[in-house]
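J.: So here's my_file.txt, just compact mmCIF, C-alpha atoms:
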```
# COMPACT_ATOMS: atom_id res chain seq x y z
CA MET A 1 15.34 -1.27 -30.78
CA ASP A 2 11.54 -1.07 -30.39
CA THR A 3 10.07 2.42 -30.20
CA VAL A 4 6.86 3.81 -28.78
CA VAL A 5 4.50 6.26 -30.48
CA GLN A 6 2.43 8.48 -28.19
CA TRP A 7 -0.25 10.79 -29.60
CA ASN A 8 -3.17 12.85 -28.28
CA ILE A 9 -5.20 11.71 -31.26
CA HIS A 10 -8.58 13.31 -30.42
CA GLY A 11 -10.57 10.86 -32.55
CA PHE A 12 -9.46 7.43 -33.73
CA ARG A 13 -11.62 7.20 -36.85
CA SER A 14 -11.04 10.73 -38.14
CA ASN A 15 -7.25 10.44 -37.79
CA PHE A 16 -6.83 6.79 -38.69
CA LYS A 17 -5.10 7.49 -42.04
CA GLU A 18 -2.60 9.82 -40.40
CA LEU A 19 -1.98 7.20 -37.71
CA LYS A 20 -1.18 4.55 -40.32
CA LEU A 21 1.26 6.88 -42.08
CA LEU A 22 2.95 7.67 -38.78
CA LEU A 23 3.30 4.00 -37.92
CA ASN A 24 4.72 3.12 -41.32
CA ARG A 25 7.39 5.79 -40.93
CA SER A 26 8.35 5.08 -37.33
CA GLN A 27 7.98 1.26 -37.34
CA SER A 28 6.93 1.46 -33.68
CA ALA A 29 6.01 -1.65 -31.72
CA VAL A 30 3.73 0.12 -29.23
CA VAL A 31 1.16 2.85 -29.86
CA ALA A 32 0.01 4.95 -26.88
CA LEU A 33 -3.09 6.98 -27.74
CA GLN A 34 -4.67 9.60 -25.49
CA GLU A 35 -8.07 11.26 -25.85
CA CYS A 36 -9.29 8.23 -27.77
CA ARG A 37 -12.17 5.78 -27.51
CA LEU A 38 -12.51 2.85 -29.88
CA GLY A 39 -15.93 2.06 -31.24
CA GLU A 40 -17.28 -1.40 -31.95
CA GLY A 41 -15.28 -3.14 -34.65
CA GLN A 42 -12.40 -0.64 -34.52
CA PHE A 43 -8.99 -2.24 -34.00
CA PRO A 44 -5.39 -1.04 -34.23
CA PRO A 45 -3.35 -1.96 -37.30
CA ARG A 46 -2.19 -5.56 -37.38
CA GLY A 47 1.13 -6.20 -35.66
CA TYR A 48 0.86 -3.26 -33.24
CA THR A 49 0.10 -3.08 -29.55
CA LEU A 50 -2.36 -0.32 -28.72
CA LEU A 51 -2.30 1.37 -25.32
CA LEU A 52 -5.27 3.62 -24.60
CA ALA A 53 -5.03 6.13 -21.78
CA GLN A 54 -7.36 8.80 -20.49
CA GLY A 55 -4.85 11.59 -20.13
CA ARG A 56 -1.49 12.05 -18.50
CA ALA A 57 -2.56 10.87 -15.07
CA THR A 58 -3.26 7.35 -16.33
CA LEU A 59 0.04 7.06 -18.19
CA LEU A 60 1.96 8.42 -15.21
CA ARG A 61 0.23 5.91 -12.97
CA LEU A 62 1.19 3.10 -15.32
CA TYR A 63 4.78 4.33 -15.40
CA ARG A 64 5.04 4.51 -11.62
CA THR A 65 3.53 1.06 -11.23
CA LEU A 66 5.30 -0.87 -13.98
CA VAL A 67 8.65 0.89 -14.36
CA TRP A 68 9.41 3.08 -11.38
CA SER A 69 8.77 0.28 -8.90
CA LYS A 70 11.51 -1.77 -10.60
CA LEU A 71 13.93 1.16 -10.54
CA ASP A 72 13.27 1.60 -6.82
CA TYR A 73 13.87 -2.05 -5.98
CA GLY A 74 17.20 -2.43 -4.20
CA SER A 75 18.12 1.23 -4.72
CA VAL A 76 19.36 1.48 -1.12
CA ILE A 77 22.02 -1.07 -2.09
CA TYR A 78 22.91 -0.18 -5.66
CA GLY A 79 22.53 3.56 -5.00
CA SER A 80 26.10 3.66 -3.69
CA ALA A 81 27.49 2.76 -7.11
CA LYS A 82 29.50 5.30 -9.06
CA LYS A 83 27.62 7.94 -11.00
CA HIS A 84 28.69 6.67 -14.41
CA VAL A 85 27.25 3.27 -13.50
CA LEU A 86 23.90 4.76 -12.46
CA ARG A 87 23.69 7.22 -15.36
CA PRO A 88 22.24 4.68 -17.91
CA LEU A 89 19.09 4.48 -15.77
CA ASP A 90 18.27 8.16 -16.30
CA PRO A 91 17.19 7.84 -19.98
CA ILE A 92 14.65 5.19 -18.93
CA HIS A 93 13.17 7.61 -16.44
CA HIS A 94 13.14 10.49 -18.91
CA GLN A 95 11.61 8.43 -21.73
CA GLY A 96 8.83 7.24 -19.45
CA LEU A 97 7.99 10.82 -18.48
CA ARG A 98 8.08 11.97 -22.11
CA ILE A 99 5.64 9.26 -23.18
CA ALA A 100 3.30 9.94 -20.27
CA LEU A 101 3.32 13.70 -20.79
CA GLY A 102 3.35 13.67 -24.58
CA ALA A 103 6.44 15.87 -24.48
CA PHE A 104 8.83 16.50 -27.37
CA ARG A 105 12.32 15.06 -27.44
CA THR A 106 13.67 18.60 -27.18
CA THR A 107 11.79 19.30 -23.92
CA HIS A 108 14.25 20.08 -21.15
CA ILE A 109 14.61 17.39 -18.51
CA LYS A 110 13.89 19.79 -15.65
CA SER A 111 10.68 20.78 -17.41
CA LEU A 112 9.68 17.10 -17.46
CA TYR A 113 10.25 16.86 -13.72
CA ALA A 114 8.20 19.99 -13.06
CA GLU A 115 5.35 18.97 -15.38
CA ALA A 116 5.08 15.43 -14.00
CA GLY A 117 5.72 16.43 -10.40
CA GLU A 118 8.40 13.76 -10.14
CA PRO A 119 12.01 14.04 -8.94
CA SER A 120 15.13 12.80 -10.66
CA LEU A 121 16.26 9.25 -9.97
CA GLU A 122 19.13 10.58 -7.89
CA HIS A 123 16.80 12.48 -5.57
CA ARG A 124 14.39 9.56 -5.55
CA ARG A 125 17.13 7.19 -4.39
CA MET A 126 18.18 9.66 -1.72
CA LYS A 127 14.59 9.94 -0.47
CA LEU A 128 14.32 6.15 -0.20
CA ALA A 129 17.65 6.08 1.64
CA PHE A 130 16.34 8.69 4.11
CA LYS A 131 13.23 6.61 4.75
CA TYR A 132 15.33 3.48 5.20
CA VAL A 133 17.65 5.10 7.74
CA LEU A 134 14.73 6.65 9.66
CA LYS A 135 12.95 3.30 9.76
CA LEU A 136 16.08 1.56 11.02
CA LYS A 137 16.48 4.21 13.71
CA SER A 138 12.98 3.49 15.01
CA LEU A 139 13.52 -0.29 15.02
CA PRO A 140 16.52 -1.10 17.24
CA ARG A 141 15.76 -4.83 17.00
CA ASN A 142 16.25 -4.81 13.23
CA PRO A 143 19.33 -6.92 12.34
CA CYS A 144 20.70 -4.05 10.22
CA HIS A 145 20.28 -1.43 12.94
CA ASP A 146 23.71 -1.75 14.54
CA VAL A 147 25.46 -2.37 11.23
CA VAL A 148 24.17 0.85 9.66
CA LEU A 149 23.66 3.22 12.60
CA GLU A 150 26.16 2.12 15.23
CA ALA A 151 29.18 1.41 13.04
CA PRO A 152 31.82 4.17 12.78
CA LEU A 153 31.16 6.52 9.90
CA SER A 154 34.64 5.77 8.61
CA ASP A 155 33.41 2.29 7.69
CA PHE A 156 31.15 3.90 5.08
CA SER A 157 33.63 6.45 3.81
CA ALA A 158 34.74 6.32 0.22
CA GLY A 159 38.12 5.00 -0.68
CA ALA A 160 40.52 6.69 -3.01
CA GLY A 161 38.96 7.29 -6.41
CA SER A 162 35.51 5.96 -5.41
CA GLU A 163 32.16 7.59 -4.82
CA PRO A 164 30.85 8.24 -1.27
CA ASN A 165 28.69 5.44 0.08
CA LEU A 166 24.94 6.06 0.07
CA VAL A 167 24.77 5.70 3.87
CA ALA A 168 27.55 8.26 4.31
CA ASN A 169 25.72 10.58 1.91
CA THR A 170 22.53 10.17 3.91
CA PHE A 171 24.23 11.08 7.18
CA GLU A 172 25.81 14.09 5.49
CA HIS A 173 22.43 15.35 4.27
CA PHE A 174 20.92 14.91 7.73
CA LYS A 175 23.79 16.94 9.14
CA ASN A 176 23.41 19.72 6.56
CA ALA A 177 19.67 19.92 7.29
CA ASN A 178 20.32 20.11 11.06
CA ILE A 179 18.29 16.94 11.62
CA SER A 180 19.41 14.87 14.57
CA LEU A 181 18.63 11.17 14.51
CA ASN A 182 18.55 11.26 18.31
CA ILE A 183 15.10 12.87 18.29
CA ILE A 184 13.56 9.81 16.61
CA ASP A 185 11.77 7.56 19.09
CA ASN A 186 12.45 3.86 19.06
CA LEU A 187 9.55 1.58 18.27
CA ASN A 188 10.01 -1.13 20.86
CA VAL A 189 7.93 -4.22 20.16
CA GLN A 190 6.58 -5.66 23.38
CA CYS A 191 7.92 -9.11 24.16
CA PRO A 192 6.00 -11.26 24.76
CA PRO A 193 3.23 -9.79 22.59
CA PRO A 194 0.00 -8.66 24.31
CA TRP A 195 -1.98 -11.68 23.11
CA GLY A 196 0.63 -13.97 24.66
CA GLU A 197 0.75 -12.16 27.98
CA HIS A 198 -2.93 -11.49 28.63
CA ASN A 199 -5.80 -13.94 28.71
CA ILE A 200 -8.62 -13.12 26.32
CA ASN A 201 -12.08 -13.96 27.64
CA VAL A 202 -14.17 -15.57 24.92
CA ASP A 203 -17.70 -16.82 25.60
CA ILE A 204 -18.98 -19.32 23.03
CA SER A 205 -21.53 -20.98 25.30
CA LEU A 206 -24.32 -20.04 22.89
CA THR A 207 -22.93 -22.53 20.37
CA LYS A 208 -23.82 -25.36 22.74
CA GLN A 209 -27.44 -24.84 21.77
CA ASN A 210 -28.54 -27.00 18.84
CA LYS A 211 -30.42 -24.76 16.43
CA GLU A 212 -32.27 -27.73 14.97
CA ASN A 213 -33.75 -28.71 18.33
CA ILE A 214 -34.56 -25.25 19.67
CA SER A 215 -36.99 -22.62 18.47
CA GLU A 216 -35.83 -19.24 17.25
CA VAL A 217 -37.53 -17.50 20.16
CA ALA A 218 -35.81 -19.76 22.69
CA TYR A 219 -32.47 -19.21 20.95
CA GLN A 220 -32.90 -15.44 21.14
CA LYS A 221 -33.93 -15.73 24.78
CA GLU A 222 -30.69 -17.59 25.54
CA PHE A 223 -28.70 -14.87 23.77
CA PHE A 224 -30.38 -12.13 25.81
CA ARG A 225 -29.66 -14.12 28.99
CA ILE A 226 -25.96 -14.17 28.12
CA LYS A 227 -26.10 -10.52 27.11
CA GLU A 228 -27.59 -9.66 30.50
CA THR A 229 -24.42 -10.91 32.21
CA PHE A 230 -22.54 -8.12 30.39
CA SER A 231 -25.06 -5.40 31.19
CA ASN A 232 -22.35 -3.19 32.69
CA HIS A 233 -20.24 -3.45 29.52
CA TYR A 234 -20.18 -1.14 26.50
CA ALA A 235 -21.48 -3.33 23.66
CA VAL A 236 -20.13 -3.53 20.11
CA PHE A 237 -21.48 -5.75 17.31
CA THR A 238 -19.26 -6.85 14.42
CA ASP A 239 -19.87 -8.60 11.12
CA GLY A 240 -18.00 -9.59 7.96
CA PRO A 241 -20.54 -10.03 5.15
CA LYS A 242 -19.70 -11.36 1.71
CA LEU A 243 -21.78 -11.04 -1.47
CA GLU A 244 -20.31 -13.02 -4.36
CA GLU A 245 -16.75 -11.62 -4.55
CA LYS A 246 -17.47 -8.41 -2.62
CA VAL A 247 -16.31 -8.51 1.00
CA ALA A 248 -16.71 -5.95 3.77
CA ALA A 249 -16.31 -5.59 7.52
CA ALA A 250 -18.19 -3.48 10.04
CA ALA A 251 -18.35 -2.62 13.72
CA PHE A 252 -21.63 -1.21 15.09
CA PHE A 253 -21.92 0.74 18.35
CA PRO A 254 -25.63 0.74 19.31
CA GLU A 255 -25.14 3.29 22.11
CA ASN A 256 -23.39 5.69 19.75
CA PRO A 257 -24.07 4.83 16.08
CA ASP A 258 -21.88 7.71 14.87
CA ARG A 259 -18.84 5.76 16.05
CA SER A 260 -19.72 2.78 13.87
CA LYS A 261 -17.06 1.82 11.32
CA ALA A 262 -17.10 -0.07 8.03
CA THR A 263 -14.52 -0.91 5.40
CA ARG A 264 -14.14 -2.86 2.16
CA LEU A 265 -11.71 -5.74 1.83
CA ARG A 266 -10.12 -6.93 -1.38
CA ASP A 267 -12.42 -8.89 -3.69
CA GLY A 268 -12.32 -12.60 -2.99
CA ALA A 269 -11.18 -12.24 0.62
CA SER A 270 -12.45 -14.90 3.00
CA VAL A 271 -15.31 -14.37 5.42
CA PHE A 272 -12.91 -15.35 8.21
CA SER A 273 -10.62 -12.42 7.32
CA ALA A 274 -13.63 -10.10 7.14
CA GLU A 275 -14.87 -11.17 10.58
CA LEU A 276 -11.45 -10.56 12.12
CA GLU A 277 -11.24 -7.20 10.36
CA GLY A 278 -14.60 -6.25 11.88
CA ILE A 279 -13.29 -7.13 15.34
CA ALA A 280 -10.14 -5.10 14.62
CA LEU A 281 -12.30 -2.09 13.70
CA ALA A 282 -14.13 -2.46 17.00
CA LEU A 283 -10.89 -2.64 18.98
CA THR A 284 -9.54 0.47 17.24
CA GLU A 285 -12.58 2.49 18.25
CA ILE A 286 -12.63 0.96 21.74
CA LYS A 287 -9.15 2.35 22.24
CA ASN A 288 -10.59 5.84 21.73
CA LEU A 289 -13.44 5.12 24.15
CA ALA A 290 -11.25 3.71 26.92
CA LYS A 291 -11.14 7.05 28.73
CA TYR A 292 -14.96 7.09 28.98
CA HIS A 293 -15.71 3.42 29.68
CA LYS A 294 -13.88 0.63 31.48
CA ASN A 295 -15.63 -2.53 30.33
CA PHE A 296 -16.36 -3.54 26.74
CA VAL A 297 -17.90 -6.58 25.11
CA ILE A 298 -17.73 -7.46 21.41
CA TYR A 299 -20.47 -9.62 19.90
CA SER A 300 -19.54 -11.61 16.79
CA ASP A 301 -21.47 -14.28 14.89
CA SER A 302 -18.27 -15.95 13.63
CA LEU A 303 -17.41 -19.02 15.68
CA SER A 304 -14.18 -19.56 13.73
CA ALA A 305 -12.98 -16.03 14.50
CA LEU A 306 -13.77 -16.40 18.21
CA GLN A 307 -12.05 -19.79 18.36
CA ALA A 308 -8.98 -18.33 16.62
CA ILE A 309 -8.82 -15.53 19.19
CA GLN A 310 -9.32 -18.00 22.02
CA SER A 311 -6.55 -20.28 20.73
CA LYS A 312 -4.39 -17.28 19.68
CA ASN A 313 -4.13 -18.67 16.17
CA PHE A 314 -4.49 -15.72 13.79
CA LYS A 315 -3.47 -17.28 10.47
CA VAL A 316 -5.68 -15.68 7.82
```
Translate the structure of the given file into structure tokens.
T.:
Amino acid sequence: MDTVVQWNIHGFRSNFKELKLLLNRSQSAVVALQECRLGEGQFPPRGYTLLLAQGRATLLRLYRTLVWSKLDYGSVIYGSAKKHVLRPLDPIHHQGLRIALGAFRTTHIKSLYAEAGEPSLEHRRMKLAFKYVLKLKSLPRNPCHDVVLEAPLSDFSAGAGSEPNLVANTFEHFKNANISLNIIDNLNVQCPPPWGEHNINVDISLTKQNKENISEVAYQKEFFRIKETFSNHYAVFTDGPKLEEKVAAAAFFPENPDRSKATRLRDGASVFSAELEGIALALTEIKNLAKYHKNFVIYSDSLSALQAIQSKNFKV
């Protein structure tokens, strides 16, 4: 079985001989070094994988991302298995915490939990089960809603010689904590959706002007003429700029610049997505301004975004 060596080395070059001796004794496949920075031309011994980390936080983040996410997957289903079936997963969790923290093998497990600020897998699975039940309670249209929440509790009860079902355990914990599921509001999705029920007014008449056959001054004059028709509206300008792979979105409120919003999108996102995100930022802030103003107009320079809104085709 491959092993992992983790060491707060505090200097790769000065401790290189000790590192080689340690590797020869342990025959480890992976070396995790903290407090270390390799200089030019410095490489780990041949045949070894070197993992450099800047402290515990980085290693814990790697553990949560690469290992814990896999342990969480499907835990709501497999969490109802018997304890002796789930027990082999615990050493994986403990070993990951030991490597990330640089703890000794003799360190008590509860000390690992306290030092890393992480719960045991059992409590983690129970937390995910709580979140799952609460989410189901708020979504009555979910296909699993009636199966999990409306079925008699006896359907989830354990048979002779078996462990209690995870759902039954969850209900029991809610009961012990005096938490009533009846106080959770249902999230009812409007049907039909708002964009299917209401007409969205989109004015793209400015695109009828041919930029090649009209001067810039005349083009601006036409824009101000259109803008004048919305003089009694609260104006918002949106944009979705892209520079190489960097993409952003913004909504500018000229009457109140402090309300302007901007955000970064993932690198490589399309300009179309950025333009729609800018419009979404404007709508979010307009919702807060609705009690002060009745009419709003959003100005966007993206014809494709306006056409998508007009046709109600929002595939991004």
J.: Using only C-alpha atoms, which residue out of A:Lys211, A:Lys131, A:Arg125, A:His93 lies closest to Val67 of chain A?
T.: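 Of A:Lys211, A:Lys131, A:Arg125, A:His93, the one nearest Val67 of chain A is A:His93, counting only C-alpha atoms.
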J.: Between A:Ile226, A:Arg259, A:Leu243, A:Ser180, which one has atoms that come closest to Asn288 of chain A, using only C-alpha atoms?
T.: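 Of the candidates, the smallest distance to Asn288 of chain A is held by A:Arg259.
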J.: Can you tell me which residues surround Ser270 of chain A at a distance of at most 10 Å, considering all atoms listed in the file, apart from same-chain residues fewer than 6 positions away, and format the answer as a list of chain:residue names?
T.: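 Non-adjacent residues within range: A:Gly240, A:Pro241, A:Lys242, A:Glu245, A:Lys246, A:Val247, A:Ala248, A:Val316.
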J.: In Å to one decimal, how far is atom CA of Leu149 of chain A from atom CA of Lys137 of chain A?
T.: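 Separation between atom CA of Lys137 of chain A and atom CA of Leu149 of chain A: 7.3 Å.
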J.: Take atom CA of Glu222 of chain A and atom CA of Asp301 of chain A and report the distance between them in Å, one decimal.
T.: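 Between these atoms lies a distance of 14.5 Å.
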J.: So how far away is atom CA of Ile92 of chain A from atom CA of Glu172 of chain A, in Å?
T.: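 A separation of 28.3 Å between them.
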J.: Which one of A:Ile214, A:Val202, A:Pro143, A:Ser138 sits closest to Ser311 of chain A if you count only C-alpha atoms?
T.: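 For Ser311 of chain A, the nearest of the given residues is A:Val202.
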J.: List every protein, DNA or RNA residue with an atom no more than 9 Å from (-20.5, -6.5, 17.5) in the file's coordinates, counting all atoms listed in the file, and format the result as number ranges by chain.
T.: A: 235-239, 250-253, 278-279, 282, 297-301
J.: Which is closest to Arg61 of chain A among A:Ala116, A:Ile179, A:Val76, A:Ala168, if we use all atoms listed in the file?
T.: A:Ala116
